[in-house]
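S.K.: Have a look at this one before I ask anything.
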Amino acid sequence: PVPDSKVSLGWGDGTTESQILSVNGLSLAQSTGFGTNLVEFSAGDMSGNAGRVRFPVVVNLNPITPPVLQSPPAGARIAVATPTLRWALDSRIPLAAIEGFQVQVSTEAGFFSPAVDTAVPAALSAIFGPLPDGAHFWRVRARDNFGEYSPFSQARSFTLDTTPPNVQISSPSAGQVFVSGRDRITIGYSVTDTQDPAPSYSAVLAQVEDRGALRGDRPDGVSVSSGPSLDPLALDDGIWELHISATDFVQNSTVVAGGRFEVKRQAVAQAELD
């Protein structure tokens, strides 16, 4: 039954057929879902006259229900400049009720000047870019078949990193000669990355040509770090290179070889002088 407070007659009491019965302020206790619901009103007067009317009521949840972002997850690190962004609708809203989506991608969280502000057909994913390396924020809203927009989704961020670490070798230099007992081999290099503050790396002195005396138990590769110096006696005589491999947090990698230098045993070097 409809409460009396929500019912009114357009005219006073009487028997005229021009009386208009108005019902206001009602709400659907339960909807059959997004789309059209058939509503029926029945009324009767004290003389036993009765009437019934049916009409459709369209339920549109989109204006109050934002999409939900799916992937990439919040804070993701991505190694490609053309990421695929995915989102979903509320389970009560069918995709057929949506005309399209508005997607924004920005380098700042306020979306004051989004780098991407584009309409996407009624699909739940799209590829965007190429985008520059760095932090990006994104959000989505839906436009339904009535031309109304939903609120924007909660924004998410991701970081693009398509650039491998930068490796610079300062020492040893190409063409240098180090004699055991006389010289020290200074190791100098740097490893940096535009997005990863601490890329992983390894640095190894590798022998590329064996010369002079027999190697014995001396290795053909020695792990080193930047800064300390090394006694050439720790290395077999021959030609050597400094090899550095570095990897950032999205597995961009680089391998760099320094200039070739020579290590001589003191006896060999003296014999050459004599």
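Quick note on naming: the chains in the structure tokens go A, B, ... in the order shown, residues restart at 1 in each chain, and ligands are numbered from 1 in order of appearance.
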Do you know which residues are at most 7 Å from A:Val39 counting only C-alpha atoms, after dropping those on the same chain fewer than 3 positions away, and could you put them as a short mmCIF file (atom, residue, chain, number, x, y, z; two decimals) with C-alpha atoms, in the first residue's frame?
M.R.:
```cif
data_model
loop_
_atom_site.label_atom_id
_atom_site.label_comp_id
_atom_site.auth_asym_id
_atom_site.auth_seq_id
_atom_site.Cartn_x
_atom_site.Cartn_y
_atom_site.Cartn_z
CA ARG A 54 1.63 0.11 -15.84
CA PHE A 55 4.70 2.01 -17.04
CA PRO A 56 8.42 1.40 -17.34
CA VAL A 57 10.97 2.82 -14.91
#
```
S.K.: Within 10 Å of stretch 85-90 of chain A, which residues of stretch 109-213 of chain A show up? Give each one with its shortest atom-to-atom distance in Å (one decimal) and the two atoms involved, counting only C-alpha atoms, rows by chain then rising residue number, as a tab-separated table.
M.R.:
```
residue	atom	partner	partner_atom	distance
A:Ala123	CA	A:Trp87	CA	9.0
A:Leu124	CA	A:Trp87	CA	5.4
A:Ser125	CA	A:Arg86	CA	4.2
A:Ala126	CA	A:Leu85	CA	5.6
A:Ile127	CA	A:Leu85	CA	6.3
A:Phe128	CA	A:Leu85	CA	7.5
A:Trp138	CA	A:Leu85	CA	8.8
A:Arg139	CA	A:Trp87	CA	9.3
A:Val140	CA	A:Trp87	CA	7.8
A:Arg141	CA	A:Leu89	CA	9.7
A:Ala142	CA	A:Leu89	CA	8.5
A:Ser153	CA	A:Trp87	CA	9.4
```
S.K.: Would you give me, as a list in words, the residues in stretch 58-271 of chain A that DSSP reads as alpha helix (DSSP H)?
M.R.: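 Assigned to alpha helix (DSSP H), within stretch 58-271 of chain A: Gln266, Ala267, Val268, Ala269, Gln270 and Ala271 of chain A.
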S.K.: So, with only C-alpha atoms as the atoms that count, which of A:Val263, A:Ala76, A:Val53, A:Leu235 lies closest to A:Gly175?
M.R.: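 Ranked by minimum distance to A:Gly175, first place goes to A:Val263.
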S.K.: Rank A:Val191, A:Ala213, A:Ala43, A:Ile239 by their smallest atom-to-atom distance to A:Glu262, using only C-alpha atoms, and report the top residue only.
M.R.: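 Under the stated criterion, the closest residue is A:Ile239.
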S.K.: For A:Phe137, list every protein, DNA or RNA residue within 7 Å, evaluated using only C-alpha atoms, and leave out those in the same chain fewer than 4 positions away; present the list as a ChimeraX atom specification.
M.R.: /A:105-109,155-158
S.K.: Write out as a list in words which residues come within 10 Å of A:Gly188 when counting only C-alpha atoms, dropping same-chain ones fewer than 5 positions away.
M.R.: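 After dropping sequence-adjacent residues, the list is Gln168, Ile169, Ser170, Ser171, Pro172, Ser173, Val224, Ser225, Ser226, Gly227, Pro228, Ser229 and Leu242 of chain A.
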